[in-house]
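Undergrad: Hey, dropping coords_6.tsv in here, TSV, C-alpha atoms:
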chain	number	residue	atom	x	y	z
A	20	MET	CA	0.00	0.00	0.00
A	21	MET	CA	1.23	3.48	-0.82
A	22	LEU	CA	1.89	5.87	2.00
A	23	GLY	CA	-1.10	8.15	2.64
A	24	VAL	CA	-3.58	6.03	0.66
A	25	LEU	CA	-6.69	4.72	2.38
A	26	PRO	CA	-7.37	1.02	1.71
A	27	HIS	CA	-10.52	0.09	-0.17
A	28	SER	CA	-9.67	-3.59	-0.49
A	29	LEU	CA	-7.93	-6.32	1.45
A	30	THR	CA	-5.63	-8.96	-0.01
A	31	VAL	CA	-6.21	-12.55	1.01
A	32	ASP	CA	-4.06	-15.28	-0.52
A	33	GLY	CA	-2.89	-12.92	-3.24
A	34	VAL	CA	-6.40	-11.89	-4.29
A	35	SER	CA	-7.74	-8.38	-3.72
A	36	TYR	CA	-11.26	-8.12	-2.27
A	37	ARG	CA	-13.24	-4.89	-2.13
A	38	ILE	CA	-14.40	-3.90	1.35
A	39	ARG	CA	-16.95	-1.52	2.80
A	40	THR	CA	-14.87	1.30	4.20
A	41	ASP	CA	-17.47	3.66	5.68
A	42	PHE	CA	-17.04	3.98	9.44
A	43	ARG	CA	-20.56	2.70	10.00
A	44	ALA	CA	-19.56	-0.76	8.73
A	45	ALA	CA	-16.76	-0.97	11.31
A	46	LEU	CA	-19.13	0.10	14.08
A	47	LEU	CA	-21.60	-2.61	13.01
A	48	VAL	CA	-18.84	-5.21	13.32
A	49	PHE	CA	-17.94	-3.95	16.81
A	50	GLN	CA	-21.61	-4.02	17.78
A	51	ALA	CA	-21.86	-7.67	16.67
A	52	TYR	CA	-18.74	-8.65	18.61
A	53	ALA	CA	-20.24	-7.12	21.77
A	54	ASP	CA	-23.56	-8.97	21.34
A	55	PRO	CA	-23.80	-11.77	23.94
A	56	GLU	CA	-26.55	-13.46	21.87
A	57	LEU	CA	-24.12	-14.23	19.03
A	58	THR	CA	-21.70	-17.14	19.04
A	59	ASP	CA	-18.08	-16.56	18.03
A	60	MET	CA	-18.87	-18.14	14.65
A	61	GLU	CA	-21.84	-15.81	14.14
A	62	LYS	CA	-19.71	-12.79	15.07
A	63	ALA	CA	-17.10	-13.84	12.49
A	64	ILE	CA	-19.81	-14.27	9.85
A	65	VAL	CA	-21.19	-10.79	10.59
A	66	CYS	CA	-17.68	-9.37	10.29
A	67	LEU	CA	-17.01	-11.06	6.95
A	68	ARG	CA	-20.43	-10.25	5.46
A	69	THR	CA	-20.28	-6.65	6.65
A	70	LEU	CA	-16.76	-5.83	5.47
A	71	TYR	CA	-16.31	-7.81	2.26
A	72	CYS	CA	-18.41	-6.39	-0.59
A	73	ASP	CA	-18.67	-8.80	-3.51
A	74	GLU	CA	-17.52	-12.11	-2.11
A	75	ILE	CA	-16.06	-13.49	1.07
A	76	PRO	CA	-12.64	-15.09	0.61
A	77	ARG	CA	-12.56	-18.88	0.92
A	78	ASN	CA	-9.74	-18.64	3.45
A	79	THR	CA	-11.92	-17.17	6.17
A	80	GLU	CA	-9.17	-17.30	8.78
A	81	ALA	CA	-6.92	-15.09	6.64
A	82	ALA	CA	-9.91	-12.91	5.74
A	83	LEU	CA	-10.61	-12.35	9.43
A	84	GLU	CA	-6.95	-11.55	10.09
A	85	GLN	CA	-7.04	-8.95	7.33
A	86	ALA	CA	-10.32	-7.59	8.72
A	87	ALA	CA	-8.73	-7.24	12.17
A	88	TRP	CA	-5.74	-5.44	10.64
A	89	TYR	CA	-8.10	-3.06	8.83
A	90	LEU	CA	-10.32	-2.47	11.88
A	91	ASP	CA	-7.20	-1.74	13.96
A	92	GLY	CA	-6.36	1.02	11.50
A	93	GLY	CA	-3.53	-0.94	9.90
A	94	ASP	CA	-1.75	-1.08	13.21
A	95	THR	CA	0.56	-4.06	13.33
A	96	VAL	CA	2.03	-3.20	16.73
A	97	LYS	CA	0.29	-5.25	19.38
A	98	THR	CA	0.08	-3.64	22.79
A	99	ASN	CA	-0.65	-5.44	26.02
A	100	PRO	CA	-4.42	-5.66	26.11
A	101	LEU	CA	-6.22	-4.58	29.24
A	102	PRO	CA	-7.98	-7.36	31.15
A	103	GLN	CA	-11.32	-5.61	30.65
A	104	PRO	CA	-12.60	-3.24	27.97
A	105	VAL	CA	-12.52	0.47	28.71
A	106	LEU	CA	-14.66	1.39	25.72
A	107	ASP	CA	-18.08	0.21	24.63
A	108	TRP	CA	-18.69	1.45	21.10
A	109	GLU	CA	-22.46	1.29	21.51
A	110	GLN	CA	-22.87	2.60	25.06
A	111	ASP	CA	-20.26	5.33	24.62
A	112	ALA	CA	-21.57	6.65	21.27
A	113	PRO	CA	-23.27	9.68	22.91
A	114	LEU	CA	-19.87	10.57	24.40
A	115	TYR	CA	-17.43	9.92	21.58
A	116	PHE	CA	-19.46	11.23	18.63
A	117	PRO	CA	-19.46	14.82	19.94
A	118	ALA	CA	-15.73	14.50	20.63
A	119	VAL	CA	-15.06	13.16	17.13
A	120	ASN	CA	-17.25	15.92	15.67
A	121	LYS	CA	-15.18	18.51	17.52
A	122	VAL	CA	-11.97	17.12	16.03
A	123	ALA	CA	-13.49	16.76	12.55
A	124	GLY	CA	-15.17	20.16	12.61
A	125	TYR	CA	-18.50	18.77	11.43
A	126	GLU	CA	-21.19	16.22	12.33
A	127	VAL	CA	-19.69	12.95	11.08
A	128	ARG	CA	-22.97	11.04	11.43
A	129	GLY	CA	-24.53	13.44	8.94
A	130	CYS	CA	-22.04	12.81	6.16
A	131	LYS	CA	-22.81	10.24	3.47
A	132	TYR	CA	-19.38	8.63	3.65
A	133	LEU	CA	-16.38	8.74	5.91
A	134	HIS	CA	-13.57	6.19	5.62
A	135	TRP	CA	-13.06	4.15	8.79
A	136	TRP	CA	-9.40	5.13	9.04
A	137	THR	CA	-10.30	8.83	8.80
A	138	PHE	CA	-12.89	8.36	11.54
A	139	LEU	CA	-10.33	6.43	13.58
A	140	GLY	CA	-7.80	9.25	13.09
A	141	TYR	CA	-10.32	11.76	14.42
A	142	PHE	CA	-11.12	9.39	17.27
A	143	ARG	CA	-7.47	9.05	18.26
A	144	GLU	CA	-7.09	12.84	18.36
A	145	ILE	CA	-9.88	13.36	20.88
A	146	GLY	CA	-8.60	15.74	23.52
A	147	GLU	CA	-9.83	16.66	26.96
A	148	GLY	CA	-13.52	16.29	27.59
A	149	VAL	CA	-16.14	14.04	29.11
A	150	PHE	CA	-15.32	11.05	26.92
A	151	SER	CA	-11.59	11.16	27.61
A	152	GLU	CA	-12.26	11.60	31.34
A	153	VAL	CA	-14.55	8.53	31.36
A	154	VAL	CA	-12.00	6.38	29.50
A	155	SER	CA	-9.17	7.62	31.73
A	156	ILE	CA	-11.06	6.65	34.88
A	157	ARG	CA	-12.00	3.25	33.45
A	158	THR	CA	-8.39	2.61	32.43
A	159	LYS	CA	-7.04	3.51	35.86
A	160	LYS	CA	-9.59	1.26	37.54
A	161	VAL	CA	-8.84	-1.68	35.25
A	162	ARG	CA	-5.12	-1.26	35.91
A	163	GLY	CA	-5.73	-1.01	39.67
A	164	LYS	CA	-4.40	2.54	39.91
A	165	LYS	CA	-5.62	5.05	42.47
A	166	LEU	CA	-8.02	7.72	41.26
A	167	GLU	CA	-7.36	11.35	42.03
A	168	LYS	CA	-9.92	13.15	44.20
A	169	TYR	CA	-11.49	14.94	41.22
A	170	GLU	CA	-11.74	11.61	39.37
A	171	ARG	CA	-13.50	9.95	42.31
A	172	GLU	CA	-15.92	12.89	42.45
A	173	PHE	CA	-16.53	12.68	38.70
A	174	GLU	CA	-17.19	8.94	38.99
A	175	GLN	CA	-19.65	9.46	41.84
A	176	GLU	CA	-21.51	12.20	39.95
A	177	HIS	CA	-21.48	10.33	36.62
A	178	SER	CA	-21.46	6.67	37.63
A	179	GLU	CA	-23.79	5.69	34.76
A	180	LEU	CA	-21.31	7.14	32.25
A	181	VAL	CA	-18.25	5.57	33.84
A	182	ARG	CA	-19.63	2.09	34.44
A	183	ILE	CA	-19.74	-0.15	31.37
A	184	ARG	CA	-23.07	-1.86	31.63
A	185	PRO	CA	-22.90	-5.63	31.29
A	186	ARG	CA	-24.75	-7.19	28.38
A	187	TYR	CA	-26.81	-10.27	28.96
A	188	THR	CA	-28.41	-12.78	26.66
A	189	ASP	CA	-32.20	-12.73	26.63
A	190	GLU	CA	-32.16	-15.88	28.75
A	191	GLU	CA	-29.80	-14.36	31.33
A	192	GLN	CA	-31.87	-11.18	31.48
A	193	ALA	CA	-35.05	-13.21	32.04
A	194	GLU	CA	-33.36	-15.00	34.97
A	195	ILE	CA	-32.22	-11.68	36.45
A	196	ASP	CA	-35.71	-10.19	36.05
A	197	ALA	CA	-37.31	-13.26	37.68
A	198	LEU	CA	-34.87	-13.10	40.60
A	199	ASN	CA	-35.49	-9.37	41.05
A	200	ALA	CA	-39.25	-9.97	40.97
A	201	MET	CA	-38.93	-12.64	43.70
A	202	LEU	CA	-36.81	-10.33	45.84
A	203	GLY	CA	-39.32	-7.55	45.41
Go ahead and express the file in the form of structure tokens.
TA:
Amino acid sequence: MMLGVLPHSLTVDGVSYRIRTDFRAALLVFQAYADPELTDMEKAIVCLRTLYCDEIPRNTEAALEQAAWYLDGGDTVKTNPLPQPVLDWEQDAPLYFPAVNKVAGYEVRGCKYLHWWTFLGYFREIGEGVFSEVVSIRTKKVRGKKLEKYEREFEQEHSELVRIRPRYTDEEQAEIDALNAMLG
């Protein structure tokens, strides 16, 4: 790939496959991967069907590796993952979209097309604000670091923003609801 060129295809086993590059496609894949109702196989199928336009490569393992590379913004450097996520693409949308809009200088959800890597570039440039404060607090908590006084106050005042809500299958939610009903 040439420097400064946004990818519009992925190469699997020497064959180039067109992909959907609008940021909304990437967010749909992330939404599927966070869905507790879907099996790992179903999540992979959603990823492949969402990203690859005309046909899905036969070598699905390599196709998924290329998809992960693309969704990571072409980043081949692997960092030590945190033991828990500090971002929920669906839950945090009301927080990160305004921050991305501020960086972009326009309402990104209103545009017809925005390449995922451009969106990701805006996302990575998010500066100080509510979203960055929420992610900073979550990161410190996951790493077992002590929160500053102002961070503890922020967390107390905005606990619903800071806490990533667990997602349950319909069956699990029914059990929780039944238990809550019994407990009154």
Undergrad: Check which residues of stretch 114-182 of chain A sit at most 10 Å from stretch 21-27 of chain A using all atoms listed in the file, and return one row each with the closest pair of atoms and their distance in Å to one decimal, ordered by chain and rising number, as a Markdown table.
TA:
| residue | atom | partner | partner_atom | distance |
| --- | --- | --- | --- | --- |
| A:His134 | CA | A:Leu25 | CA | 7.7 |
| A:Trp135 | CA | A:Leu25 | CA | 9.1 |
| A:Trp136 | CA | A:Leu25 | CA | 7.2 |
| A:Thr137 | CA | A:Leu25 | CA | 8.4 |
Undergrad: Could you please give me, as a VMD selection string, the residues of protein, DNA or RNA lying at most 12 Å from (-25.2, 5.9, 32.5) in the coordinate frame of the file, considering all atoms listed in the file?
TA: chain A and resid 110 to 114 153 174 to 185
Undergrad: Restricting the calculation to all atoms listed in the file: of A:Val34, A:Leu90, A:Leu101, A:Leu29, which residue gets closest to A:Tyr71?
TA: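 Smallest distance to A:Tyr71 is found for A:Leu29.
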Undergrad: Nearest to A:Ser35 among A:Leu202, A:Leu106, A:Leu139, A:Ile75, with distances taken over all atoms listed in the file: which residue is it?
TA: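 Among A:Leu202, A:Leu106, A:Leu139, A:Ile75, it is A:Ile75 that comes nearest to A:Ser35.
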Undergrad: What does the distance between atom CA of A:Arg43 and atom CA of A:Pro117 come to in Å, to one decimal place?
TA: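 Computing it gives 15.7 Å between the two atoms.
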Undergrad: Calculated over only C-alpha atoms, which of the candidates A:Ala123, A:Ala86, A:Val161, A:Val65 has the smallest distance to A:Tyr52?
TA: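 Using only C-alpha atoms, the shortest distance to A:Tyr52 belongs to A:Val65.
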Undergrad: Rank nothing, just name the residue among A:Ile156, A:Leu83, A:Cys130, A:Met201 nearest to A:Val48, using only C-alpha atoms.
TA: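 Using only C-alpha atoms, A:Val48 sits closest to A:Leu83.
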Undergrad: Could you tell me how far atom CA of A:Arg143 lies from atom CA of A:Glu84, in Å and to one decimal?
TA: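 According to the coordinates, atom CA of A:Arg143 and atom CA of A:Glu84 are separated by 22.2 Å.
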Undergrad: Can you pull out the residues contacting A:Ser151? Cut-off 10 Å, using only C-alpha atoms, and skip same-chain residues under 4 positions away; I want them as JSON, numbers by chain.
TA: {"A": [114, 115, 118, 145, 146, 147, 155, 156, 157]}
Undergrad: Quick one: everything within 9 Å of A:Gln50, counting all atoms listed in the file, minus sequence neighbours fewer than 5 positions away in the same chain. Send it as a list in words.
TA: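 Contacts, in chain order: Ala45, Asp107, Trp108 and Glu109 of chain A.
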Undergrad: Give as a list of chain:residue names each residue that has an atom at most 10 Å from (-20.9, 8.1, 7.3) in the file, counting all atoms listed in the file.
TA: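 Taken together, the residues in range are A:Thr40, A:Asp41, A:Phe42, A:Arg43, A:Ala44, A:Glu126, A:Val127, A:Arg128, A:Gly129, A:Cys130, A:Lys131, A:Tyr132, A:Leu133, A:His134, A:Trp135, A:Phe138.
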Undergrad: Can you write out the residues you just picked, keeping C-alpha atoms, as a PDB file, in the frame of the given file?
TA:
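Listed below is the output, result_36.pdb:
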ATOM      1  CA  THR A  40     -14.870   1.300   4.200  1.00  0.00           C
ATOM      2  CA  ASP A  41     -17.470   3.660   5.680  1.00  0.00           C
ATOM      3  CA  PHE A  42     -17.040   3.980   9.440  1.00  0.00           C
ATOM      4  CA  ARG A  43     -20.560   2.700  10.000  1.00  0.00           C
ATOM      5  CA  ALA A  44     -19.560  -0.760   8.730  1.00  0.00           C
ATOM      6  CA  GLU A 126     -21.190  16.220  12.330  1.00  0.00           C
ATOM      7  CA  VAL A 127     -19.690  12.950  11.080  1.00  0.00           C
ATOM      8  CA  ARG A 128     -22.970  11.040  11.430  1.00  0.00           C
ATOM      9  CA  GLY A 129     -24.530  13.440   8.940  1.00  0.00           C
ATOM     10  CA  CYS A 130     -22.040  12.810   6.160  1.00  0.00           C
ATOM     11  CA  LYS A 131     -22.810  10.240   3.470  1.00  0.00           C
ATOM     12  CA  TYR A 132     -19.380   8.630   3.650  1.00  0.00           C
ATOM     13  CA  LEU A 133     -16.380   8.740   5.910  1.00  0.00           C
ATOM     14  CA  HIS A 134     -13.570   6.190   5.620  1.00  0.00           C
ATOM     15  CA  TRP A 135     -13.060   4.150   8.790  1.00  0.00           C
ATOM     16  CA  PHE A 138     -12.890   8.360  11.540  1.00  0.00           C
TER      17      PHE A 138
END
Undergrad: Would you work out the distance separating atom CA of A:Phe142 from atom CA of A:Asp73, expressed in Å to one decimal?
TA: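 Between these atoms lies a distance of 28.6 Å.
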Undergrad: So, with all atoms listed in the file as the atoms that count, which of A:Asn78, A:Pro104, A:Val122, A:Phe116 lies closest to A:Val154?
TA: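 Comparing A:Asn78, A:Pro104, A:Val122, A:Phe116 against A:Val154, the winner is A:Pro104.
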Undergrad: Adding 3 Å on each side of the box along x, y and z that holds all listed atoms of stretch 57-72 of chain A, could you give its centre and edge lengths in Å to one decimal, as JSON?
TA:
{"center_x": -20.2, "center_y": -12.0, "center_z": 9.2, "size_x": 13.8, "size_y": 18.3, "size_z": 25.6}
